[in-house]
Each structure stands twice: as C-alpha cells, then as structure tokens.
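Peer 1: Have a look at the structure that comes next, please.
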2 protein chains.
Amino acid sequence: MSKANILHQDTVALDEQTGALIIIDQTLLPGTVKLLSLTELAEIREAIYLLRVRGAPAIGVAAAIGLYVVMLHSAAKDEAAFREAFAAAKATLAAARPTAVNLCWALERMEKAIKRGGTPNELLARLHDEALRIRDEDVRVCRAIGENGLTLLKDGDGVLTHCNAGQLATVRYGTALAPIHVGVEKGYHFKLFTDETRPLLQGARLSAYELMADGVDTTVICDNMASQVMKNGWVQAVLVGCDRVAANGDTANKIGTSGVAVLAKHYGVPFYVCAPFSTIDLRVKTGGDIPIEERPGEEVTEMWYQKPMAPQGVKVYNPAFDVTEHELITAFITERGVLYPPFEPGFRKAFGSSEGEEPV
Amino acid sequence: MSKANILHQDTVALDEQTGALIIIDQTLLPGTVKLLSLTELAEIREAIYLLRVRGAPAIGVAAAIGLYVVMLHSAAKDEAAFREAFAAAKATLAAARPTAVNLCWALERMEKAIKRGGTPNELLARLHDEALRIRDEDVRVCRAIGENGLTLLKDGDGVLTHCNAGQLATVRYGTALAPIHVGVEKGYHFKLFTDETRPLLQGARLSAYELMADGVDTTVICDNMASQVMKNGWVQAVLVGCDRVAANGDTANKIGTSGVAVLAKHYGVPFYVCAPFSTIDLRVKTGGDIPIEERPGEEVTEMWYQKPMAPQGVKVYNPAFDVTEHELITAFITERGVLYPPFEPGFRKAFGSSEGEEPV
C-alpha cells in the first residue's frame with residue numbers, strides 16, 4: 001500500500017482496538033476536522049444517508065467495515081442468529097443510498113465471504129478480512145487510476161472537477177483527483193477549478209480542502225461559472241468521478257455532471273470519467289435504467305444558510321445525481337487503463353481479461 | 001400605462017412628496033419586503049453596487065430618478081455649479097456597475113435633457129420629466145416584450161429562466177418574465193423552473209418570489225440541475241434577460257447564462273433573450289468587447305451562510321456575468337418584435353425604422 005495520504009488519516013478506517021468504524025465527518029469540513037467512531041447500525045446508516053461519509057468508493061468501504069463492526073458487536077450466539085442479524089444489517093445499509101453501485105457491491109462481497117458455513121467467530125474473521133481486502137483494493141485501484149490519468153495530463157494543465165471524487169470520496173487518493181495527487185507526488189503543477197457543487201457544496205468544501213492540503217493551486221467557482229472558465233481557455237481537461245456506469249458508458253454522477261460534459265464538448269475540452277471497475281454495472285444497459293436519488297428540497301432552500309434562500313413553500317427539484325450520456329465522455333480512466341469509445345466492448349474485454357470477477 | 005403590477009409596488013419609483021428615490025431592497029427578499037427611501041448620492045450608488053436595486057432596466061431607471069433626486073437636493077445656486085454637481089453625480093453613478101449598458105444609457109439621456117441652458121430650476125424640471133419618461137418607457141417596453149414573447153409560448157409550457165429578469169429587474173413586468181406575467185393575465189398556465197443563480201441567488205430569492213406572487217407553478221433548481229431538467233423534457237423554452245447585447249447578438253447576462261444556452265442547444269430547447277432595445281449596444285461588435293464585472297470572492301465563500309462554505313484563503317473566480325455567443329441564441333424578444341438570425345441586420349433595421357434613436 002502506498003505511503004501517500006494527504007490528510008494523514010484514511011477517510012474510512014477500522015479501529016481494531018475498539019472494533020469501530022472510523023470516518024472523517026465530512027459535513028463539518030472544511031471548518032472542523034472531526035473523527036467519528038461508529039459501532040451501531042443506526043448511526044452507520046445515518047452517517048451514509050447524511051453524507052458524513054460520501055463518495056461511491058468510500059461508501060462501499062464504510063459499508064463493508066460497518067457491516068463487520070455491527071456483526072462484531074452483535075449478540076448472535078449461533079450461525080442462524082448470526083446470518084439473520086447479518087441479513088437485516090445488510091438490508092438496512094443497502095437502502096441508505098440508491099444510486100452508488102459500490103454500496104451494494106461491497107455488501108454483496110461481504111455476503112459472499114460468509115457463503116460457506118461456520119461458527120459466528122469464524123464468520124466474523126472472514127468478514128474482517130474481506131472488509132480490509134475491500135479497503136486495500138480501494139487504495140490500490142485509486143493509485144492505479146491516478147497513474148493512468150496522469151498520462152493524459154501535462155504539467156501546468158488547468159483541470160476542472162465537479163463535486164468531490166478525491167481522497168475524501170475514497171480511502172486514499174480519490175478517483176477524479178487521484179491523477180492530481182499522484183501528479184503532485186511526481187512534481188507536477190496543476191491549476192484546479194472546483195465547481196462548488198450545489199446544494200451540498202462538496203466541491204467548495206471538500207475538493208478545495210484536500211487540494212489545498214496537497215498544495216495544489218485551487219480556485220472555487222460556482223457551478224454556473226464553468227462555461228466561462230472553459231471559454232477563457234483555462235481548462236485542458238475535466239476529471240469527474242462516477243457513482244454508477246452503465247454498460248454503454250452512460251454515467252451517473254453528482255447532479256450537474258452531465259451539464260459539465262455538454263459544456264466540455266461544446267468548448268472542445270476532453271471530459272474524463274475516473275472509474276474504478278466496481279462502479280461499472282454491466283447489468284444496467286443505459287443510464288436510463290440507473291435510479292436517481294431525489295433528496296429533500298430543504299437542502300436547496302435552507303441548509304447552510306442564515307436566512308431563507310427561497311420563498312417558504314416553493315417547490316424544489318433536488319436530484320442528487322444525473323446521467324452523462326456516453327457520447328459526451330472522452331474516455332474512462334480506470335485502474336486497468338484508459339478506455340475510449342466504443343465503451344461496452346472495452347468494458348467487457350477489461351472485465352474478461354482481469355483476474356477479478358464482474359461486480360454483482 | 002398598464003394596470004398590472006404583481007407586487008403592488010413599482011420596483012423603482014419617485015416619491016414626489018419627499019423627493020426621494022423609492023426602491024424595494026432586494027437583498028432582503030424573499031424574507032422581508034422593505035422599501036428604501038434614498039436621497040443621498042452615496043446611498044444611491046451603494047444601493048446599485050450592493051444590488052439593493054438590480055437588473056439592467058431597473059438600474060437604468062433608478063440611476064435616472066436617482067440623478068434627479070440628487071440634483072433636487074443639491075445646493076447649486078447657478079447653472080455652472082448645477083452642471084458641475086451634475087457631472088460629478090453622473091460619474092459616480094456610472095461607475096457603480098460596469099456591465100449593464102442601461103446605467104450609462106439612462107445617465108446619458110439625463111445629460112442630453114439638460115443640454116440646453118437654463119436656470120437650476122428649469123434644468124431640474126427637465127431632469128424630472130426625463131426620469132419619469134425613462135420610467136414610463138420601461139413599463140411600456142416590458143409590456144411589449146411580454147406580448148411578443150407570449151406568441152412563442154403555448155399554454156402549459158415548461159419554461160426555464162436564469163437569474164431574475166422579472167418585475168424586480170424592471171419597473172413592472174420584467175423582460176424574461178414579462179411573457180409569463182402577461183400570459184397569466186390572459187389565463188395561460190406555465191410551469192416555471194428558476195435556476196437559483198449562485199452566488200447571489202436572484203433566481204431562488206427573487207424570480208421564485210415574484211412568480212409565486214403571480215400564482216405561477218414555480219420550481220427552484222440549483223444551477224447545475226438545468227441539464228437534468230431539460231433532459232427530462234420538462235422545458236419547452238428558455239427565457240433570459242440581458243445586460244448588454246453586442247451588434248452581432250453576443251449577449252452579456254448573469255453568469256451562467258452561456259452555460260444554459262449551450263445546454264438548450266444540446267437538448268434542442270429554444271433559447272430566447274428578452275431584450276429591451278436599450279440593452280442593445282451597436283458600438284460593441286462582439287461579446288469579447290463587453291466588460292465583465294468581477295465581484296468579491298466572499299460572495300461565493302461566505303455570504304448567506306452560517307458556516308464557512310470553503311476553506312479560508314481559497315482563491316475564488318467570481319465573474320458576475322458571462323457572454324452567450326449569438327450562435328446559441330434562437331431569437332431576441334424585443335419590444336419591437338421577435339428577431340431571428342442574422343441579428344445585426346435585424347438590429348440595424350429595427351433601430352432605423354423606429355421613431356426613437358439608438359442608445360448612446
């Protein structure tokens with residue numbers, strides 16, 4: 001595992017001493033850096049739902065470690081009771097957020113790890129190892145995405161990113177920001193533009209925070225300024241993460257991503273999706289089949305604000321994600337290389353040639 | 001002058017009793033409706049700079065009435081002193097905001113009105129009449145834009161708008177929202193989507209406020225959700241205002257407008273700019289020649305918020321406007337009709353055929 005860890009703390013971790021899931025509470029950033037130590041199912045589910053831990057890969061790792069932690073503290077005395085408690089905990093966590101495929105993917109992996117029978121202690125040991133394997137894979141995959149993405153950038157490039165697909169969205173490195181962090185390690189200098197990413201401001205709060213922590217020249221813009229920034233010629237590449245990629249390459253990611261892609265195409269800027277293979281869901285043919293989470297309107301009208309931001313009672317449309325059609329995507333940067341269109345054959349080939357299996 | 005006045009109060013008015021400029025303080029909306037009564041040059045300039053009164057046409061009317069009011073309260077005893085004070089006040093107001101052409105246009109009209117010599121009282125009377133003429137023209141022009149724009153809409157249409165180019169941006173009716181308000185008068189039902197319009201949220205605060213006051217079905221979205229809303233097929237037309245239009249049709253308007261235009265083109269939604277002729281500046285060949293105001297970064301990182309919205313010391317790019325290239329504009333809706341490309345001959349013909357003169 002690589003040494004680099006910009007925040008001197010994994011975004012998601014297991015405290016072996018206390019048997020707790022440790023996360024950085026991202027709702028308090030950038031003002032306060034607070035670690036949460038979680039052992040209860042309800043608080044782990046809430047941490048995912050309320051975005052204390054967010055970002056598809058980090059959610060996956062948090063769900064895996066969280067599921068282990070919940071079972072570690074469960075009172076199940078025999079295998080049947082253990083499996084019953086496991087199924088209930090898994091279902092609760094799976095329902096916390098609908099769009100990111102990594103959440104289900106990680107939970108399914110945890111379930112497979114205990115397919116074979118055993119005592120509660122034996123099952124627990126297998127859950128422990130699988131959770132840490134998922135965590136270690138995440139670090140390795142993100143590092144590889146960083147190396148692969150860096151081949152597409154030049155020293156001095158301006159790069160625009162949307163939301164946060166950085167270390168704070170994974171265990172380390174991030175996906176979209178991995179090429180930046182790996183580049184910094186190797187002496188590259190980039191000029192980053194982070195869309196603030198309304199309504200929850202992950203770009204302004206989180207991407208800006210971790211980029212500045214890594215010494216990167218960082219400029220926050222409102223989402224609606226991306227057009228002007230591209231027109232100014234300040235951006236040589238767009239790097240975004242993804243929550244779920246359909247077989248044809250249509251990509252669900254933070255709301256606004258599809259708009260950035262349309263702009264990038266219009267201004268001739270390459271638009272790269274940084275995608276761990278765990279986010280590619282071949283069961284889903286196109287983006288139209290990806291469920292899009294809608295969140296409370298208050299996130300738009302009230303959260304973060306001293307005064308009401310909109311009239312009382314106004315209707316709000318608050319989808320958390322959108323789908324970027326594959327035609328708008330220049331390439332996927334994955335841990336197994338950079339994939340250009342047509343995407344589906346490339347995905348299938350890359351899955352087929354790998355040692356791993358397709359995500360379920 | 002039409003009777004319709006959704007807010008039961010002109011956005012900008014002259015109080016003849018006290019000799020004061022009356023404006024609705026738009027920085028307090030939608031929470032508080034407060035009228036300001038202004039007579040001092042410094043507070044009128046500040047009201048324009050701090051966006052207590054905003055929107056290109058409203059700024060023009062406020063500057064005209066404001067200039068009259070300042071001179072009304074001036075101590076100038078003879079014509080020379082009067083002209084000196086006038087020039088100083090005009091220069092101060094002209095510098096308050098650089099992008100909107102209406103500000104200068106209105107101030108130039110006021111200057112022309114006192115070209116001929118006279119006693120301070122005679123000059124004052126002419127300034128009074130010219131300011132009210134500018135106000136009355138604004139109402140008439142906006143009504144005409146409403147009638148013209150309505151010909152492009154069908155009952156039940158979904159319409160997306162950016163920022164506020166409504167009654168609150170003019171004296172009555174608005175420009176972009178005039179077709180909506182006039183349509184409501186005539187029994188049309190529209191579904192309005194208002195981009196919240198970061199950083200100052202004029203769409204969420206002001207457009208939503210006046211649309212709801214007019215009984216319109218109104219949904220606030222974050223700016224980055226416009227792509228999804230268009231993809232959903234919810235929008236049959238985009239209506240925006242403008243701060244300055246170049247001879248070739250390139251249009252400066254609230255930051256983010258160009259992004260909306262790129263999206264509209266991508267999704268095949270007509271993109272209409274509602275433009276009083278006073279915003280068309282034939283002296284400016286293309287959008288590249290329009291000065292774009294940059295405003296303090298704190299508007300992005302701190303205003304409106306309970307907690308810091310971004311890390312301390314982060315760089316911010318905060319342009320208040322952008323330019324939408326004429327290729328992205330379906331038509332201009334003006335008080336003299338709807339103009340389709342090529343725009344420049346249409347502008348020139350419309351200016352030439354009118355009784356009025358070109359804006360200086």
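All residue names refer to the structure tokens as shown: chains lettered A, B, ... in order, residues numbered from 1 in each chain, ligands numbered from 1 in order.
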Could you pull the residues within 8 Å of Tyr188 of chain B, counting only C-alpha atoms, minus those fewer than 6 positions along the same chain, as number ranges by chain?

Peer 2: B: 154-156

Peer 1: With all C-alpha atoms matched in order and chain A superposed on chain B by least squares, what's the RMSD to one decimal?

Peer 2: 0.0 Å

Peer 1: Could you jot down the atom CA of Cys142 of chain A to atom CA of Phe193 of chain A separation for me, Å, one decimal place?

Peer 2: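 Atom-to-atom, atom CA of Cys142 of chain A to atom CA of Phe193 of chain A, that is 20.7 Å.
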
Peer 1: Pick out the closest residue to Gly60 of chain B from this set: B:Ile290, B:Val238, B:Val33, B:Cys104. Count only C-alpha atoms.

Peer 2: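 Among B:Ile290, B:Val238, B:Val33, B:Cys104, it is B:Cys104 that comes nearest to Gly60 of chain B.
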
Peer 1: Leaving out Glu79 of chain A and any residue of its chain fewer than 4 positions from it, which residues lie within 7 Å of it when counting only C-alpha atoms, given as number ranges by chain?

Peer 2: A: 83, 118-120

Peer 1: Could you save those same residues with N, CA, C and O atoms as a PDB file, in the first residue's frame?

Peer 2:
```pdb
ATOM      1  N   ARG A  83     -26.570 -15.167  10.885  1.00  0.00           N
ATOM      2  CA  ARG A  83     -26.974 -14.903   9.490  1.00  0.00           C
ATOM      3  C   ARG A  83     -28.216 -14.017   9.432  1.00  0.00           C
ATOM      4  O   ARG A  83     -28.354 -13.178   8.542  1.00  0.00           O
ATOM      5  N   GLY A 118     -20.043 -21.848   9.168  1.00  0.00           N
ATOM      6  CA  GLY A 118     -19.014 -21.701  10.192  1.00  0.00           C
ATOM      7  C   GLY A 118     -19.611 -21.178  11.478  1.00  0.00           C
ATOM      8  O   GLY A 118     -20.785 -20.793  11.520  1.00  0.00           O
ATOM      9  N   THR A 119     -18.821 -21.150  12.522  1.00  0.00           N
ATOM     10  CA  THR A 119     -19.278 -20.578  13.791  1.00  0.00           C
ATOM     11  C   THR A 119     -19.323 -19.062  13.642  1.00  0.00           C
ATOM     12  O   THR A 119     -18.669 -18.498  12.751  1.00  0.00           O
ATOM     13  N   PRO A 120     -20.050 -18.386  14.509  1.00  0.00           N
ATOM     14  CA  PRO A 120     -20.041 -16.917  14.471  1.00  0.00           C
ATOM     15  C   PRO A 120     -18.628 -16.350  14.455  1.00  0.00           C
ATOM     16  O   PRO A 120     -18.342 -15.424  13.709  1.00  0.00           O
TER      17      PRO A 120
END
```

Peer 1: For the strand (DSSP E or B) assignment from backbone DSSP, which residues of segment 145-257 of chain A qualify? Please present them as an MDAnalysis selection string.

Peer 2: chainID A and resid 158:161 166 174 191:195 217:221 237:240 244:246 251:254
